[in-house]
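Printed here is model04.cif (mmCIF, C-alpha atoms and all ligand atoms):
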data_final
#
loop_
_atom_site.label_atom_id
_atom_site.label_comp_id
_atom_site.auth_asym_id
_atom_site.auth_seq_id
_atom_site.Cartn_x
_atom_site.Cartn_y
_atom_site.Cartn_z
CA MET A 1 17.26 -8.30 22.39
CA ILE A 2 19.81 -9.71 24.78
CA VAL A 3 23.48 -8.72 24.63
CA VAL A 4 25.74 -11.30 26.23
CA MET A 5 29.12 -9.81 27.24
CA LYS A 6 32.39 -11.77 27.22
CA PRO A 7 33.47 -13.13 30.67
CA ASN A 8 36.32 -10.60 30.85
CA ALA A 9 34.33 -7.59 29.59
CA THR A 10 35.26 -4.35 31.33
CA GLN A 11 32.86 -1.89 32.98
CA GLU A 12 33.59 0.59 30.13
CA GLU A 13 32.53 -2.00 27.57
CA VAL A 14 29.30 -2.67 29.47
CA ASP A 15 28.66 1.09 29.75
CA HIS A 16 29.25 1.49 26.01
CA ILE A 17 26.51 -1.08 25.23
CA VAL A 18 24.17 0.58 27.74
CA ASP A 19 24.72 3.89 25.89
CA ARG A 20 24.09 2.26 22.50
CA VAL A 21 20.86 0.68 23.74
CA ASN A 22 19.70 3.97 25.29
CA GLY A 23 20.62 5.77 22.07
CA HIS A 24 18.14 3.59 20.17
CA GLY A 25 15.32 4.48 22.54
CA LEU A 26 15.37 1.08 24.27
CA LYS A 27 15.58 0.43 28.00
CA PRO A 28 18.73 -1.41 29.12
CA HIS A 29 18.60 -3.80 32.05
CA VAL A 30 22.03 -4.88 33.21
CA ILE A 31 22.16 -8.33 34.81
CA LYS A 32 25.47 -9.10 36.49
CA GLY A 33 26.02 -12.88 36.79
CA THR A 34 28.88 -14.67 38.49
CA GLU A 35 30.48 -15.52 35.12
CA ARG A 36 29.45 -12.66 32.89
CA THR A 37 27.19 -9.66 32.40
CA VAL A 38 24.06 -9.75 30.24
CA ILE A 39 22.20 -6.65 29.02
CA ALA A 40 18.53 -7.02 28.12
CA ALA A 41 17.33 -4.26 25.76
CA VAL A 42 13.59 -3.82 26.25
CA GLY A 43 11.49 -2.31 23.46
CA ASP A 44 11.15 -2.73 19.71
CA ASP A 45 14.70 -3.61 18.69
CA ARG A 46 14.11 -4.29 14.99
CA LYS A 47 15.98 -1.16 13.90
CA LEU A 48 19.06 -2.16 15.90
CA ASP A 49 21.77 -3.74 13.77
CA VAL A 50 22.63 -7.03 15.48
CA ALA A 51 25.83 -7.52 13.46
CA ALA A 52 27.09 -4.03 14.32
CA LEU A 53 26.39 -4.52 18.02
CA GLU A 54 28.20 -7.85 17.94
CA THR A 55 31.38 -6.14 16.73
CA ALA A 56 31.43 -3.82 19.78
CA PRO A 57 34.31 -4.54 22.21
CA GLY A 58 33.53 -6.99 24.99
CA VAL A 59 30.41 -8.42 23.30
CA SER A 60 30.18 -12.20 23.00
CA ARG A 61 26.87 -12.44 21.12
CA VAL A 62 23.56 -10.70 20.55
CA VAL A 63 20.32 -12.67 20.70
CA PRO A 64 17.25 -11.08 19.08
CA VAL A 65 14.00 -11.83 20.90
CA LEU A 66 11.46 -10.41 18.44
CA ALA A 67 11.07 -11.69 14.89
CA PRO A 68 12.80 -9.37 12.37
CA TYR A 69 9.47 -8.90 10.60
CA LYS A 70 6.77 -7.05 12.46
CA ARG A 71 3.48 -6.64 10.60
CA ALA A 72 3.61 -10.21 9.26
CA SER A 73 4.28 -11.60 12.72
CA ARG A 74 1.91 -13.30 15.13
CA GLU A 75 3.56 -11.21 17.82
CA VAL A 76 1.61 -8.25 16.39
CA GLN A 77 -1.58 -10.00 15.21
CA ASN A 78 -2.54 -13.43 16.42
CA GLU A 79 -5.83 -14.01 14.61
CA PRO A 80 -5.49 -15.30 11.04
CA THR A 81 -5.81 -12.83 8.18
CA VAL A 82 -8.56 -13.83 5.79
CA VAL A 83 -7.95 -12.57 2.25
CA SER A 84 -11.05 -12.33 0.12
CA ARG A 85 -11.49 -11.03 -3.40
CA GLY A 86 -14.35 -12.10 -5.65
CA SER A 87 -14.75 -15.86 -5.56
CA LEU A 88 -11.46 -16.43 -3.74
CA THR A 89 -11.32 -16.57 0.06
CA LEU A 90 -8.24 -17.84 1.86
CA GLY A 91 -7.31 -18.03 5.54
CA GLY A 92 -9.00 -18.97 8.80
CA ASN A 93 -11.16 -21.96 7.92
CA HIS A 94 -11.45 -21.00 4.23
CA LEU A 95 -9.60 -23.10 1.68
CA GLY A 96 -9.04 -21.57 -1.75
CA VAL A 97 -8.02 -23.48 -4.86
CA ILE A 98 -6.47 -21.43 -7.65
CA ALA A 99 -6.07 -23.45 -10.83
CA GLY A 100 -5.50 -22.97 -14.53
CA PRO A 101 -2.78 -23.12 -17.13
CA CYS A 102 0.76 -21.89 -16.60
CA SER A 103 0.26 -19.40 -19.46
CA VAL A 104 -2.79 -18.01 -21.19
CA GLU A 105 -2.37 -19.26 -24.76
CA SER A 106 -5.66 -18.66 -26.60
CA GLU A 107 -9.30 -17.88 -25.94
CA GLU A 108 -10.31 -21.49 -26.41
CA GLN A 109 -7.59 -22.75 -24.06
CA ILE A 110 -8.38 -20.34 -21.20
CA MET A 111 -12.17 -20.65 -21.54
CA GLN A 112 -12.02 -24.45 -21.49
CA SER A 113 -9.68 -24.31 -18.50
CA ALA A 114 -11.85 -21.85 -16.58
CA ARG A 115 -14.95 -23.99 -17.12
CA ALA A 116 -13.07 -27.09 -15.95
CA VAL A 117 -11.72 -25.30 -12.85
CA LYS A 118 -15.20 -24.22 -11.92
CA ALA A 119 -16.85 -27.54 -12.69
CA ALA A 120 -14.38 -29.32 -10.41
CA GLY A 121 -14.95 -26.82 -7.58
CA GLY A 122 -11.88 -24.60 -7.89
CA THR A 123 -12.33 -21.11 -6.45
CA ALA A 124 -10.08 -18.97 -8.69
CA LEU A 125 -8.48 -19.05 -12.13
CA ARG A 126 -4.74 -18.72 -12.69
CA GLY A 127 -2.95 -18.04 -15.97
CA GLY A 128 0.18 -16.09 -16.82
CA ALA A 129 0.00 -13.25 -19.32
CA PHE A 130 3.47 -11.92 -18.48
CA LYS A 131 5.72 -14.97 -18.16
CA PRO A 132 9.12 -15.01 -16.43
CA ARG A 133 10.94 -17.58 -18.57
CA THR A 134 14.47 -18.81 -18.00
CA SER A 135 15.24 -18.44 -21.70
CA PRO A 136 14.47 -15.25 -23.63
CA TYR A 137 13.57 -17.47 -26.62
CA SER A 138 10.74 -19.27 -24.78
CA PHE A 139 7.10 -18.13 -25.01
CA GLN A 140 6.86 -14.91 -23.00
CA GLY A 141 3.07 -14.73 -22.67
CA LEU A 142 0.30 -12.91 -24.55
CA LYS A 143 0.64 -9.85 -22.28
CA GLU A 144 -2.39 -7.51 -22.51
CA GLU A 145 -4.23 -9.83 -24.88
CA GLY A 146 -3.81 -12.59 -22.27
CA LEU A 147 -5.17 -10.31 -19.54
CA LYS A 148 -8.23 -9.57 -21.66
CA LEU A 149 -8.87 -13.27 -22.16
CA LEU A 150 -8.64 -13.84 -18.39
CA ALA A 151 -11.25 -11.12 -17.86
CA VAL A 152 -13.57 -12.81 -20.38
CA ALA A 153 -13.15 -16.09 -18.51
CA ARG A 154 -13.99 -14.37 -15.21
CA GLU A 155 -17.07 -12.80 -16.76
CA GLU A 156 -18.43 -16.18 -17.81
CA THR A 157 -17.43 -18.30 -14.83
CA GLY A 158 -17.38 -15.84 -11.92
CA LEU A 159 -13.89 -17.07 -10.97
CA ALA A 160 -11.47 -14.50 -9.56
CA VAL A 161 -8.37 -14.07 -11.71
CA VAL A 162 -4.84 -14.55 -10.33
CA THR A 163 -2.03 -13.49 -12.66
CA GLU A 164 1.59 -12.44 -12.41
CA VAL A 165 2.91 -8.90 -12.57
CA MET A 166 6.61 -8.81 -13.38
CA ALA A 167 7.40 -5.11 -13.34
CA SER A 168 6.23 -2.02 -11.45
CA GLU A 169 5.29 -0.27 -14.67
CA ASP A 170 2.76 -3.04 -15.46
CA ILE A 171 0.89 -2.91 -12.12
CA GLY A 172 -1.75 -0.46 -13.41
CA LEU A 173 -2.43 -2.51 -16.53
CA VAL A 174 -2.50 -5.89 -14.75
CA SER A 175 -4.76 -4.48 -12.00
CA GLU A 176 -7.34 -3.47 -14.64
CA TYR A 177 -7.93 -7.16 -15.32
CA ALA A 178 -6.66 -9.13 -12.31
CA ASP A 179 -8.24 -9.76 -8.92
CA VAL A 180 -5.01 -10.93 -7.31
CA LEU A 181 -1.48 -9.88 -8.30
CA GLN A 182 1.03 -12.72 -8.29
CA ILE A 183 4.67 -11.94 -7.53
CA GLY A 184 6.72 -14.71 -9.06
CA ALA A 185 9.49 -16.60 -7.31
CA ARG A 186 12.16 -14.81 -9.31
CA ASN A 187 10.88 -11.45 -8.10
CA MET A 188 10.47 -12.26 -4.40
CA GLN A 189 13.38 -10.01 -3.54
CA ASN A 190 12.61 -7.25 -6.05
CA TYR A 191 11.99 -4.77 -3.26
CA ARG A 192 10.88 -1.87 -5.44
CA LEU A 193 8.24 -4.13 -7.02
CA LEU A 194 7.13 -5.35 -3.57
CA ALA A 195 6.72 -1.79 -2.31
CA ALA A 196 4.80 -0.90 -5.48
CA VAL A 197 2.29 -3.76 -5.16
CA GLY A 198 2.00 -2.68 -1.54
CA GLU A 199 0.26 0.40 -2.89
CA ALA A 200 -2.01 -1.50 -5.29
CA GLU A 201 -5.59 -2.14 -4.29
CA ARG A 202 -5.37 -5.84 -4.95
CA PRO A 203 -4.37 -8.81 -2.79
CA VAL A 204 -0.88 -10.08 -3.56
CA LEU A 205 0.15 -13.73 -3.88
CA LEU A 206 3.85 -13.75 -3.00
CA LYS A 207 5.80 -16.80 -4.13
CA ARG A 208 8.88 -17.95 -2.26
CA GLY A 209 12.15 -17.48 -4.11
CA PRO A 210 13.80 -20.85 -4.91
CA SER A 211 16.77 -19.99 -2.69
CA ALA A 212 15.08 -17.75 -0.14
CA THR A 213 14.77 -18.70 3.52
CA LEU A 214 11.36 -18.52 5.18
CA ASP A 215 12.47 -15.45 7.14
CA GLU A 216 13.42 -13.80 3.84
CA LEU A 217 9.95 -14.66 2.50
CA LEU A 218 8.36 -13.09 5.58
CA LEU A 219 10.54 -9.99 5.24
CA ALA A 220 9.52 -9.73 1.58
CA ALA A 221 5.88 -9.86 2.71
CA GLU A 222 6.74 -7.15 5.23
CA TYR A 223 7.62 -4.77 2.37
CA ILE A 224 4.11 -5.17 0.94
CA LEU A 225 2.40 -4.88 4.33
CA ASP A 226 4.52 -1.88 5.28
CA ALA A 227 3.45 -0.08 2.10
CA GLY A 228 -0.18 -0.37 3.26
CA ASN A 229 -1.48 -3.56 1.66
CA ASN A 230 -2.69 -6.03 4.31
CA ASP A 231 -3.85 -8.69 1.85
CA VAL A 232 -0.74 -10.77 1.35
CA ILE A 233 -0.89 -14.50 0.60
CA LEU A 234 2.34 -16.47 1.03
CA CYS A 235 3.12 -19.27 -1.40
CA GLU A 236 5.52 -22.19 -0.89
CA ARG A 237 6.47 -23.29 -4.41
CA GLY A 238 9.59 -25.36 -3.78
CA ILE A 239 13.24 -24.54 -3.31
CA ARG A 240 16.45 -25.51 -5.04
CA THR A 241 18.36 -28.38 -3.43
CA PHE A 242 20.80 -31.08 -4.56
CA GLU A 243 17.86 -33.42 -5.28
CA SER A 244 17.21 -33.79 -9.00
CA HIS A 245 14.24 -36.16 -9.07
CA THR A 246 11.89 -33.24 -8.71
CA ARG A 247 12.14 -29.85 -10.45
CA PHE A 248 12.35 -28.16 -7.03
CA THR A 249 12.12 -29.63 -3.53
CA LEU A 250 8.73 -28.96 -1.96
CA PRO A 251 9.12 -28.52 1.81
CA LEU A 252 5.67 -28.92 3.31
CA ALA A 253 7.09 -28.19 6.75
CA SER A 254 7.13 -24.57 5.57
CA VAL A 255 3.38 -24.49 6.08
CA THR A 256 3.76 -25.58 9.70
CA TYR A 257 6.60 -23.13 10.35
CA LEU A 258 4.88 -20.20 8.68
CA ARG A 259 1.62 -20.97 10.48
CA ALA A 260 3.44 -20.58 13.79
CA LYS A 261 5.13 -17.32 12.80
CA THR A 262 2.54 -15.42 10.77
CA HIS A 263 -1.17 -14.68 10.55
CA LEU A 264 -1.01 -14.47 6.72
CA PRO A 265 -2.66 -17.21 4.62
CA ILE A 266 -0.32 -19.86 3.21
CA VAL A 267 -0.77 -21.49 -0.19
CA VAL A 268 1.17 -24.43 -1.66
CA ASP A 269 2.08 -24.81 -5.34
CA PRO A 270 2.58 -28.55 -5.90
CA SER A 271 3.04 -28.02 -9.66
CA HIS A 272 6.26 -25.99 -9.60
CA GLY A 273 7.18 -27.71 -6.32
CA THR A 274 7.50 -31.10 -8.01
CA GLY A 275 7.66 -30.42 -11.76
CA HIS A 276 5.82 -33.68 -12.47
CA ALA A 277 2.07 -33.90 -13.06
CA TRP A 278 1.93 -37.38 -11.52
CA MET A 279 3.25 -36.08 -8.20
CA VAL A 280 0.85 -33.16 -7.95
CA PRO A 281 -2.25 -34.95 -6.55
CA ASP A 282 -0.40 -36.43 -3.55
CA MET A 283 1.30 -33.15 -2.70
CA ALA A 284 -1.97 -31.24 -3.07
CA ALA A 285 -3.75 -33.67 -0.73
CA ALA A 286 -0.88 -33.55 1.78
CA SER A 287 -0.90 -29.74 1.74
CA VAL A 288 -4.60 -29.62 2.56
CA ALA A 289 -4.14 -32.24 5.29
CA ILE A 290 -1.47 -30.19 7.09
CA GLY A 291 -3.68 -27.12 7.05
CA ALA A 292 -2.53 -25.04 4.07
CA ASP A 293 -5.04 -22.26 3.35
CA GLY A 294 -4.95 -22.87 -0.35
CA LEU A 295 -3.44 -24.48 -3.42
CA ILE A 296 -2.28 -23.11 -6.74
CA ILE A 297 -2.31 -25.86 -9.36
CA GLU A 298 -1.42 -25.87 -13.04
CA MET A 299 -3.87 -27.66 -15.35
CA HIS A 300 -4.30 -27.57 -19.12
CA PRO A 301 -6.72 -28.95 -21.74
CA ASP A 302 -3.81 -30.60 -23.55
CA PRO A 303 -0.71 -30.71 -21.28
CA GLU A 304 1.44 -32.37 -23.94
CA ASN A 305 1.08 -29.38 -26.22
CA ALA A 306 1.17 -26.61 -23.60
CA LEU A 307 3.40 -23.62 -24.41
CA SER A 308 4.86 -23.70 -20.88
CA ASP A 309 5.07 -26.18 -17.98
CA GLY A 310 2.95 -28.89 -19.67
CA TYR A 311 4.95 -31.66 -17.93
CA GLN A 312 3.70 -30.48 -14.53
CA SER A 313 0.14 -29.63 -15.62
CA LEU A 314 -2.80 -31.89 -14.78
CA ASP A 315 -5.38 -32.64 -17.44
CA PHE A 316 -9.00 -31.87 -16.59
CA ALA A 317 -9.84 -35.37 -15.37
CA GLN A 318 -6.78 -35.48 -13.11
CA PHE A 319 -7.64 -32.07 -11.73
CA ALA A 320 -11.23 -33.11 -10.98
CA THR A 321 -10.06 -36.23 -9.12
CA THR A 322 -7.52 -34.20 -7.16
CA MET A 323 -10.22 -31.74 -6.17
CA GLU A 324 -12.50 -34.53 -4.95
CA ARG A 325 -9.69 -35.89 -2.81
CA CYS A 326 -8.84 -32.46 -1.39
CA ARG A 327 -12.48 -31.71 -0.66
CA VAL A 328 -12.85 -34.87 1.46
CA ILE A 329 -9.73 -33.95 3.45
CA ALA A 330 -10.81 -30.31 3.78
CA GLU A 331 -14.18 -31.36 5.19
CA ALA A 332 -12.51 -33.76 7.61
CA ILE A 333 -10.42 -30.94 9.10
CA GLY A 334 -13.22 -28.39 9.16
CA LYS A 335 -12.21 -26.24 6.18
CA GLU A 336 -14.75 -24.64 3.90
CA MET A 337 -14.45 -24.62 0.12
CA PRO A 338 -17.71 -23.17 -1.26
CA ARG A 339 -18.60 -23.77 -4.89
CA VAL A 340 -18.45 -20.63 -7.04
CA ALA A 341 -21.58 -19.22 -8.60
CA SER A 342 -21.23 -17.69 -12.06
CA SER A 343 -21.56 -13.90 -12.26
CA LYS A 344 -25.07 -14.43 -13.63
CA GLU A 345 -26.19 -16.59 -10.70
CA LYS A 346 -27.27 -14.91 -7.49
CA ALA A 347 -25.62 -16.66 -4.55
CA PRO A 348 -22.93 -19.29 -4.11
CA VAL A 349 -24.32 -22.78 -3.66
CA ALA A 350 -23.01 -24.14 -0.38
CA THR A 351 -21.91 -27.75 -0.48
C1 LIG B 1 4.00 -19.69 -12.38
O1 LIG B 1 3.19 -19.66 -11.44
O2 LIG B 1 3.70 -20.05 -13.54
C2 LIG B 1 5.41 -19.36 -12.12
C3 LIG B 1 6.18 -18.83 -13.05
O3 LIG B 1 5.77 -19.66 -10.86
P1 LIG B 1 7.13 -19.35 -10.05
O4 LIG B 1 7.25 -17.87 -10.00
O5 LIG B 1 6.86 -19.98 -8.71
O6 LIG B 1 8.24 -20.03 -10.80
MN MN B 2 4.33 -22.34 -14.60
#
Encoded form using structure tokens:
Amino acid sequence: MIVVMKPNATQEEVDHIVDRVNGHGLKPHVIKGTERTVIAAVGDDRKLDVAALETAPGVSRVVPVLAPYKRASREVQNEPTVVSRGSLTLGGNHLGVIAGPCSVESEEQIMQSARAVKAAGGTALRGGAFKPRTSPYSFQGLKEEGLKLLAVAREETGLAVVTEVMASEDIGLVSEYADVLQIGARNMQNYRLLAAVGEAERPVLLKRGPSATLDELLLAAEYILDAGNNDVILCERGIRTFESHTRFTLPLASVTYLRAKTHLPIVVDPSHGTGHAWMVPDMAAASVAIGADGLIIEMHPDPENALSDGYQSLDFAQFATTMERCRVIAEAIGKEMPRVASSKEKAPVAT
């Protein structure tokens, strides 16, 4: 970090900063200019409190050089992290498509969905069993029964299961059935939950909070990485803005920004990001075109009668068309999206 002193800073004030920097185990380099003095603190400065240093007498401003997150940063690991669990592989040149209903509603609904995901070339099945709903009176999910139905669907189709865990006490139960633990947008800053999934032996799909900055998303990922879990997938799912034509505002530039800052795979959720089924195909295609590592898409056998998020869910035909479009784009930019073999088949059929 670089500490820029005020033009009239005294020698005592400069010495005080040098002592503070030394006290944190960093090496101070004092550069005396004609106008003012600058102190470069060399070393890992992430534990230094920028705001506290800025209140010291004689300090004009403090400029951090390293990103506040460490393990998630490209400064620490440049090559992309590839997350792989069952049929789902994301990162590097692997494109993963996670699709399925917002909520698991019944055996028939999830089995039909899983078959349609697989037939269209999706690589994992989503479906909420524990649902974070804005109203306590809305459908809250089938809970363990829903998890069991997801496991049945995996057994038949071979698709990895991605499902949300809302509370630390449910991690053991959800992990019995799920391949990937989803942390919902509302829980992105539930730091105890993040640390707890950091100890789980499952990849984690971390959704961006609707009012979280990208640095806050990366710092949330840092909690999981720091607890020992390297398999973190970041998910842009839209943020809250003044715009009301879409449910959230989906900033695709997040993919480009995150790509530059982190080695972790980045997934886009065009369903929650727009809140309108008719907007999902374009946003899915655009996400693949700009190099997202994956998509998470809501689809349903009968969107009109879905128990949650039907208005943003594709029907099976729309999902299949979207997949065809994404596959063409993926191939054009050198991404691989292998078709998933069922658990009874021997090897995936390359396409
Ligand atoms: C979901 O995936 O169904 C969901 C609740 O998403 P989010 O946490 O992004 O709102
Ligand atoms: Mn949903």
Requested in this report: Counting all atoms listed in the file, name the residues that have an atom within 12 Å of an atom of ligand MN 2 (chain B); the answer should be given as number ranges by chain.
Outcome: A: 99-104, 126-134, 139-141, 163-164, 182, 184-185, 207, 237, 247, 269-277, 296-300, 303, 306-314
Query raised in the report: What gap, in Å, lies between CA of Leu194 (chain A) and CA of Ile290 (chain A)?
Result: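 For CA of Leu194 (chain A) relative to CA of Ile290 (chain A), the distance reads 28.4 Å.
The closest residue to ligand LIG 1 (chain B), picked from A:Lys32, A:Lys335, A:Arg240, A:Arg20 and counting all atoms listed in the file, is A:Arg240.
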**Report entry** Two-atom distance - CA of Ile171 (chain A), atom O3 of ligand LIG 1 (chain B) (Å)
**Finding:**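 Spanning CA of Ile171 (chain A) to atom O3 of ligand LIG 1 (chain B) is a straight-line distance of 17.5 Å.
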Query raised in the report: Which is closer to ligand LIG 1 (chain B) than all the others in A:Val82, A:Leu125, A:Cys235, A:Val62, using only C-alpha atoms and all ligand atoms?
Result: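 Nearest to ligand LIG 1 (chain B): A:Cys235.
Proximity to Val174 (chain A) was assessed for A:Met323, A:Val152, A:Ala200, A:Val255 counting all atoms listed in the file; the smallest distance is recorded for A:Ala200.
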Please complete region 220-237 of chain A so it has N, CA, C and O atoms, and hand it over as a PDB file, keeping the file's coordinate frame.
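Just written: out-v9.pdb:
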ATOM      1  N   ALA A 220      10.030 -10.220   2.866  1.00  0.00           N
ATOM      2  CA  ALA A 220       9.520  -9.730   1.580  1.00  0.00           C
ATOM      3  C   ALA A 220       8.043  -9.340   1.730  1.00  0.00           C
ATOM      4  O   ALA A 220       7.607  -8.286   1.240  1.00  0.00           O
ATOM      5  N   ALA A 221       7.287 -10.182   2.453  1.00  0.00           N
ATOM      6  CA  ALA A 221       5.880  -9.860   2.710  1.00  0.00           C
ATOM      7  C   ALA A 221       5.771  -8.555   3.497  1.00  0.00           C
ATOM      8  O   ALA A 221       4.865  -7.734   3.270  1.00  0.00           O
ATOM      9  N   GLU A 222       6.737  -8.358   4.386  1.00  0.00           N
ATOM     10  CA  GLU A 222       6.740  -7.150   5.230  1.00  0.00           C
ATOM     11  C   GLU A 222       6.811  -5.879   4.376  1.00  0.00           C
ATOM     12  O   GLU A 222       6.198  -4.867   4.709  1.00  0.00           O
ATOM     13  N   TYR A 223       7.548  -5.937   3.272  1.00  0.00           N
ATOM     14  CA  TYR A 223       7.620  -4.770   2.370  1.00  0.00           C
ATOM     15  C   TYR A 223       6.229  -4.398   1.861  1.00  0.00           C
ATOM     16  O   TYR A 223       5.883  -3.228   1.753  1.00  0.00           O
ATOM     17  N   ILE A 224       5.448  -5.416   1.502  1.00  0.00           N
ATOM     18  CA  ILE A 224       4.110  -5.170   0.940  1.00  0.00           C
ATOM     19  C   ILE A 224       3.183  -4.647   2.037  1.00  0.00           C
ATOM     20  O   ILE A 224       2.460  -3.659   1.849  1.00  0.00           O
ATOM     21  N   LEU A 225       3.247  -5.296   3.200  1.00  0.00           N
ATOM     22  CA  LEU A 225       2.400  -4.880   4.330  1.00  0.00           C
ATOM     23  C   LEU A 225       2.761  -3.456   4.758  1.00  0.00           C
ATOM     24  O   LEU A 225       1.888  -2.633   5.024  1.00  0.00           O
ATOM     25  N   ASP A 226       4.059  -3.187   4.803  1.00  0.00           N
ATOM     26  CA  ASP A 226       4.520  -1.880   5.280  1.00  0.00           C
ATOM     27  C   ASP A 226       4.110  -0.758   4.342  1.00  0.00           C
ATOM     28  O   ASP A 226       3.977   0.388   4.751  1.00  0.00           O
ATOM     29  N   ALA A 227       3.888  -1.105   3.068  1.00  0.00           N
ATOM     30  CA  ALA A 227       3.450  -0.080   2.100  1.00  0.00           C
ATOM     31  C   ALA A 227       1.935   0.117   2.175  1.00  0.00           C
ATOM     32  O   ALA A 227       1.376   0.924   1.433  1.00  0.00           O
ATOM     33  N   GLY A 228       1.251  -0.637   3.033  1.00  0.00           N
ATOM     34  CA  GLY A 228      -0.180  -0.370   3.260  1.00  0.00           C
ATOM     35  C   GLY A 228      -1.127  -1.442   2.773  1.00  0.00           C
ATOM     36  O   GLY A 228      -2.338  -1.307   2.909  1.00  0.00           O
ATOM     37  N   ASN A 229      -0.597  -2.503   2.166  1.00  0.00           N
ATOM     38  CA  ASN A 229      -1.480  -3.560   1.660  1.00  0.00           C
ATOM     39  C   ASN A 229      -1.481  -4.736   2.640  1.00  0.00           C
ATOM     40  O   ASN A 229      -0.466  -5.419   2.802  1.00  0.00           O
ATOM     41  N   ASN A 230      -2.627  -4.968   3.280  1.00  0.00           N
ATOM     42  CA  ASN A 230      -2.690  -6.030   4.310  1.00  0.00           C
ATOM     43  C   ASN A 230      -3.003  -7.400   3.723  1.00  0.00           C
ATOM     44  O   ASN A 230      -2.949  -8.404   4.426  1.00  0.00           O
ATOM     45  N   ASP A 231      -3.391  -7.430   2.443  1.00  0.00           N
ATOM     46  CA  ASP A 231      -3.850  -8.690   1.850  1.00  0.00           C
ATOM     47  C   ASP A 231      -2.714  -9.405   1.135  1.00  0.00           C
ATOM     48  O   ASP A 231      -2.592  -9.365  -0.097  1.00  0.00           O
ATOM     49  N   VAL A 232      -1.879 -10.039   1.916  1.00  0.00           N
ATOM     50  CA  VAL A 232      -0.740 -10.770   1.350  1.00  0.00           C
ATOM     51  C   VAL A 232      -0.952 -12.259   1.590  1.00  0.00           C
ATOM     52  O   VAL A 232      -1.280 -12.685   2.696  1.00  0.00           O
ATOM     53  N   ILE A 233      -0.778 -13.044   0.526  1.00  0.00           N
ATOM     54  CA  ILE A 233      -0.890 -14.500   0.600  1.00  0.00           C
ATOM     55  C   ILE A 233       0.510 -15.051   0.336  1.00  0.00           C
ATOM     56  O   ILE A 233       1.132 -14.684  -0.672  1.00  0.00           O
ATOM     57  N   LEU A 234       1.004 -15.886   1.223  1.00  0.00           N
ATOM     58  CA  LEU A 234       2.340 -16.470   1.030  1.00  0.00           C
ATOM     59  C   LEU A 234       2.218 -17.766   0.250  1.00  0.00           C
ATOM     60  O   LEU A 234       1.257 -18.518   0.441  1.00  0.00           O
ATOM     61  N   CYS A 235       3.194 -18.039  -0.606  1.00  0.00           N
ATOM     62  CA  CYS A 235       3.120 -19.270  -1.400  1.00  0.00           C
ATOM     63  C   CYS A 235       4.439 -20.042  -1.352  1.00  0.00           C
ATOM     64  O   CYS A 235       5.477 -19.537  -1.784  1.00  0.00           O
ATOM     65  N   GLU A 236       4.368 -21.265  -0.827  1.00  0.00           N
ATOM     66  CA  GLU A 236       5.520 -22.190  -0.890  1.00  0.00           C
ATOM     67  C   GLU A 236       5.452 -22.885  -2.249  1.00  0.00           C
ATOM     68  O   GLU A 236       4.460 -23.552  -2.561  1.00  0.00           O
ATOM     69  N   ARG A 237       6.490 -22.725  -3.060  1.00  0.00           N
ATOM     70  CA  ARG A 237       6.470 -23.290  -4.410  1.00  0.00           C
ATOM     71  C   ARG A 237       7.715 -24.131  -4.686  1.00  0.00           C
ATOM     72  O   ARG A 237       8.021 -24.457  -5.822  1.00  0.00           O
TER      73      ARG A 237
END
